[in-house]
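This report concerns only the one structure given below.
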Amino acid sequence: MLSTWALETFGPRAEQIRRGVAEALAVALENARDAQQTARTRHLHPFGFTLMSRKFEALARAFADMADVDIVKPQGSQHELVVLGGNLLFPFRYAKDRSVSVVNARIGDGRPSGLVQALFTRFGPRPWTEQLTLGGAETGMPEPVIPAARALTQLPEGTRLVLIAYACNAGAGLLDAWWGEAELLDRTGNLRWHHYEAIPLAGAALTGTLPAPALPIETLPIETLPAEASVFSGGAMPAPEMNPRSPYERAAALPPVSEAPAEAPDVADEGR
C-alpha cells in the first residue's frame with residue numbers, strides 16, 4: 001500500500017516508480033556480485049566500485065523511457081542522476097548489514113562531497129532548525145563549494161531531492177531499501193529524516209541475492225516452525241530420544257552442528 005507521501009511526490013505512477021527502484025537496486029547488486037566473483041580476489045574492491053557506478057546507471061536505464069524524465073550528468077560528476085517528475089533520485093548505501101538502523105543513516109563514511117552538499121542545500125527539505133551564528137561564524141553545514149553548486153544550475157529550482165537508502169553486502173545481497181527526504185546535518189554525513197519508508201523488495205530483489213543457506217530449526221522465523229514448536233508450554237513432555245536432531249534437520253539432511261558458526265565481517269565499501 002502506498003503512503004500519502006509517495007502519492008503526493010510521484011502521483012499515480014508511484015507504485016510503478018517504487019517497483020522500478022527496487023528492480024534497479026537488485027540489478028546493480030547482481031552486477032556488483034558478478035564483478036566480485038569474476039575478479040577472484042578476497043578483497044571486496046570490485047564489488048564496491050561496481051556497485052557505486054551501477055546503482056546510478058541501473059536507475060537511469062529503468063526510467064529512461066518514462067515520460068517527464070531527465071537524465072542529468074553534472075559537470076565534475078562521474079554519475080548520471082535521474083530527475084523524475086521534478087524529483088531527483090539519489091541512491092546511497094547506508095549499511096552493510098542490519099545492525100545499523102536507517103534512522104542513523106549517513107551519506108558515505110567520510111565528509112560528503114561538494115556535489116552532495118550542493119544537492120542537499122539546493123533541493124533538500126528546509127531544515128527544521130535554522131543554523132545559528134556565533135560572532136558572525138555560522139555553525140553547522142558550510143555553503144557548498146562554488147564549482148559543485150554551479151554544476152547543478154541545469155536543474156530547475158523546484159527540483160526535490162528524494163533519497164534512496166539501502167543496506168547490502170556481497171555475501172547476503174540486498175537486505176533492505178528505504179526512500180524519503182532528509183536534511184544533511186554536518187560534515188560527517190549525518191542525516192535528519194523528515195520522512196522515510198520501506199521499499200518492498202519481494203520479487204524484485206530475488207536476482208540480487210544468493211540462495212540462503214539452510215538454517216537449523218532454532219534460527220528459523222517463528223512462522224516457519226512446526227505448530228508444536230511454536231508454543232513452548234503446550235503439549236505433553238517429550239520422551240528422550242537417542243537422536244536429538246529435529247525432524248526438519250533430518251528431512252533436510254543437515255549435518256549436526258554443535259554451535260553456530262561466527263559470521264565473517266564484510267569489509268566492502270562503495271568507492272574502495
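Ligands are numbered from 1 in the order shown, chains are lettered A, B, ... in the order of the C-alpha cells, and residues start at 1 in each chain.
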Inset, instruction - Enumerate the residues of segment 29-175 of chain A with a DSSP assignment of strand (DSSP E or B), computed from the backbone, and present them as a ChimeraX atom specification. - result: /A:69-72,81-84,87-95,106,133-134,137-138,160-169,173-175
Keeping only N, CA, C and O atoms, write those residues as a short mmCIF file (atom, residue, chain, number, x, y, z; two decimals), in the first residue's frame.
data_model
loop_
_atom_site.label_atom_id
_atom_site.label_comp_id
_atom_site.auth_asym_id
_atom_site.auth_seq_id
_atom_site.Cartn_x
_atom_site.Cartn_y
_atom_site.Cartn_z
N VAL A 69 11.03 12.50 -17.70
CA VAL A 69 12.28 12.06 -17.07
C VAL A 69 13.45 12.78 -17.71
O VAL A 69 13.53 12.90 -18.93
N ASP A 70 14.35 13.28 -16.88
CA ASP A 70 15.60 13.88 -17.34
C ASP A 70 16.76 13.12 -16.73
O ASP A 70 16.76 12.85 -15.52
N ILE A 71 17.73 12.77 -17.56
CA ILE A 71 18.96 12.15 -17.09
C ILE A 71 20.04 13.22 -17.14
O ILE A 71 20.43 13.67 -18.21
N VAL A 72 20.52 13.63 -15.98
CA VAL A 72 21.44 14.76 -15.87
C VAL A 72 22.79 14.28 -15.38
O VAL A 72 22.87 13.52 -14.41
N LEU A 81 22.36 11.39 -12.97
CA LEU A 81 21.31 11.49 -11.97
C LEU A 81 19.95 11.48 -12.66
O LEU A 81 19.77 12.12 -13.71
N VAL A 82 19.01 10.77 -12.08
CA VAL A 82 17.66 10.67 -12.62
C VAL A 82 16.78 11.71 -11.95
O VAL A 82 16.67 11.75 -10.73
N VAL A 83 16.15 12.55 -12.78
CA VAL A 83 15.16 13.52 -12.29
C VAL A 83 13.83 13.10 -12.88
O VAL A 83 13.61 13.19 -14.09
N LEU A 84 12.94 12.64 -12.03
CA LEU A 84 11.67 12.06 -12.46
C LEU A 84 10.52 12.90 -11.94
O LEU A 84 10.25 12.94 -10.75
N ASN A 87 11.63 15.17 -9.32
CA ASN A 87 12.22 14.53 -8.15
C ASN A 87 13.56 13.91 -8.53
O ASN A 87 13.62 13.05 -9.40
N LEU A 88 14.62 14.34 -7.88
CA LEU A 88 15.95 13.83 -8.16
C LEU A 88 16.20 12.62 -7.26
O LEU A 88 16.22 12.73 -6.03
N LEU A 89 16.40 11.45 -7.87
CA LEU A 89 16.62 10.21 -7.13
C LEU A 89 18.10 10.04 -6.82
O LEU A 89 18.92 10.00 -7.75
N PHE A 90 18.43 9.93 -5.55
CA PHE A 90 19.84 9.80 -5.17
C PHE A 90 20.02 8.56 -4.28
O PHE A 90 19.65 8.56 -3.11
N PRO A 91 20.59 7.47 -4.85
CA PRO A 91 20.78 6.23 -4.08
C PRO A 91 22.10 6.24 -3.33
O PRO A 91 23.12 6.74 -3.82
N PHE A 92 22.11 5.66 -2.15
CA PHE A 92 23.36 5.50 -1.40
C PHE A 92 23.22 4.33 -0.44
O PHE A 92 22.14 4.05 0.07
N ARG A 93 24.34 3.65 -0.19
CA ARG A 93 24.35 2.54 0.76
C ARG A 93 24.62 3.10 2.15
O ARG A 93 25.65 3.73 2.40
N TYR A 94 23.71 2.81 3.08
CA TYR A 94 23.87 3.34 4.43
C TYR A 94 24.41 2.29 5.39
O TYR A 94 24.84 2.63 6.51
N ALA A 95 24.38 1.01 5.02
CA ALA A 95 24.84 -0.04 5.93
C ALA A 95 25.20 -1.28 5.14
O ALA A 95 24.72 -1.49 4.02
N ARG A 106 23.94 7.52 7.25
CA ARG A 106 24.86 8.59 6.87
C ARG A 106 25.17 8.48 5.39
O ARG A 106 25.13 7.40 4.82
N THR A 133 24.28 31.61 14.30
CA THR A 133 25.55 32.27 14.09
C THR A 133 26.09 32.72 15.43
O THR A 133 25.36 33.21 16.29
N LEU A 134 27.38 32.51 15.63
CA LEU A 134 28.06 32.92 16.85
C LEU A 134 29.20 33.84 16.46
O LEU A 134 30.20 33.40 15.89
N ALA A 137 30.21 33.74 12.85
CA ALA A 137 30.63 32.44 12.30
C ALA A 137 29.45 31.50 12.33
O ALA A 137 28.86 31.26 13.38
N GLU A 138 29.11 30.93 11.21
CA GLU A 138 27.95 30.05 11.11
C GLU A 138 28.32 28.65 11.55
O GLU A 138 29.38 28.13 11.23
N ARG A 160 13.17 18.37 -6.32
CA ARG A 160 13.04 17.85 -4.96
C ARG A 160 13.96 16.63 -4.80
O ARG A 160 13.92 15.72 -5.62
N LEU A 161 14.80 16.64 -3.77
CA LEU A 161 15.75 15.56 -3.55
C LEU A 161 15.08 14.39 -2.82
O LEU A 161 14.60 14.55 -1.69
N VAL A 162 15.05 13.24 -3.47
CA VAL A 162 14.49 12.03 -2.87
C VAL A 162 15.63 11.04 -2.67
O VAL A 162 16.28 10.62 -3.63
N LEU A 163 15.88 10.69 -1.42
CA LEU A 163 16.97 9.77 -1.09
C LEU A 163 16.49 8.32 -1.17
O LEU A 163 15.36 8.00 -0.78
N ILE A 164 17.37 7.46 -1.65
CA ILE A 164 17.12 6.01 -1.68
C ILE A 164 18.25 5.38 -0.87
O ILE A 164 19.38 5.26 -1.35
N ALA A 165 17.96 4.99 0.35
CA ALA A 165 18.95 4.40 1.23
C ALA A 165 18.78 2.89 1.26
O ALA A 165 17.66 2.40 1.43
N TYR A 166 19.87 2.15 1.09
CA TYR A 166 19.75 0.70 1.07
C TYR A 166 20.90 0.07 1.86
O TYR A 166 21.98 0.66 2.03
N ALA A 167 20.68 -1.14 2.34
CA ALA A 167 21.70 -1.92 3.04
C ALA A 167 21.96 -3.19 2.25
O ALA A 167 21.03 -3.83 1.76
N CYS A 168 23.23 -3.55 2.09
CA CYS A 168 23.57 -4.75 1.34
C CYS A 168 25.01 -5.13 1.64
O CYS A 168 25.78 -4.34 2.19
N ASN A 169 25.37 -6.33 1.24
CA ASN A 169 26.77 -6.74 1.24
C ASN A 169 26.95 -7.83 0.20
O ASN A 169 25.98 -8.37 -0.34
N GLY A 173 23.58 -10.14 -0.01
CA GLY A 173 22.79 -9.48 -1.04
C GLY A 173 22.10 -8.23 -0.53
O GLY A 173 22.54 -7.58 0.42
N LEU A 174 20.99 -7.88 -1.16
CA LEU A 174 20.23 -6.69 -0.82
C LEU A 174 19.35 -6.98 0.39
O LEU A 174 18.48 -7.85 0.34
N LEU A 175 19.59 -6.27 1.47
CA LEU A 175 18.91 -6.55 2.73
C LEU A 175 17.64 -5.74 2.90
O LEU A 175 16.60 -6.25 3.30
#
Neighbour list for Ile199 of chain A as a compact mmCIF listing (two decimals) with C-alpha atoms, in the first residue's frame, cut-off 7 Å, only C-alpha atoms, skip fewer than 3 positions in-chain:
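Just written: selection-v2.txt:
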# COMPACT_ATOMS: atom_id res chain seq x y z
CA ARG A 18 8.80 2.27 -6.39
CA ALA A 22 13.69 -1.94 -6.22
CA ALA A 177 15.78 -0.29 1.00
CA TRP A 178 14.08 2.93 2.00
CA TRP A 179 13.18 6.22 0.37
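Pairwise distance (atom CA of Arg40 of chain A, atom CA of Ala172 of chain A) equals 17.8 Å.
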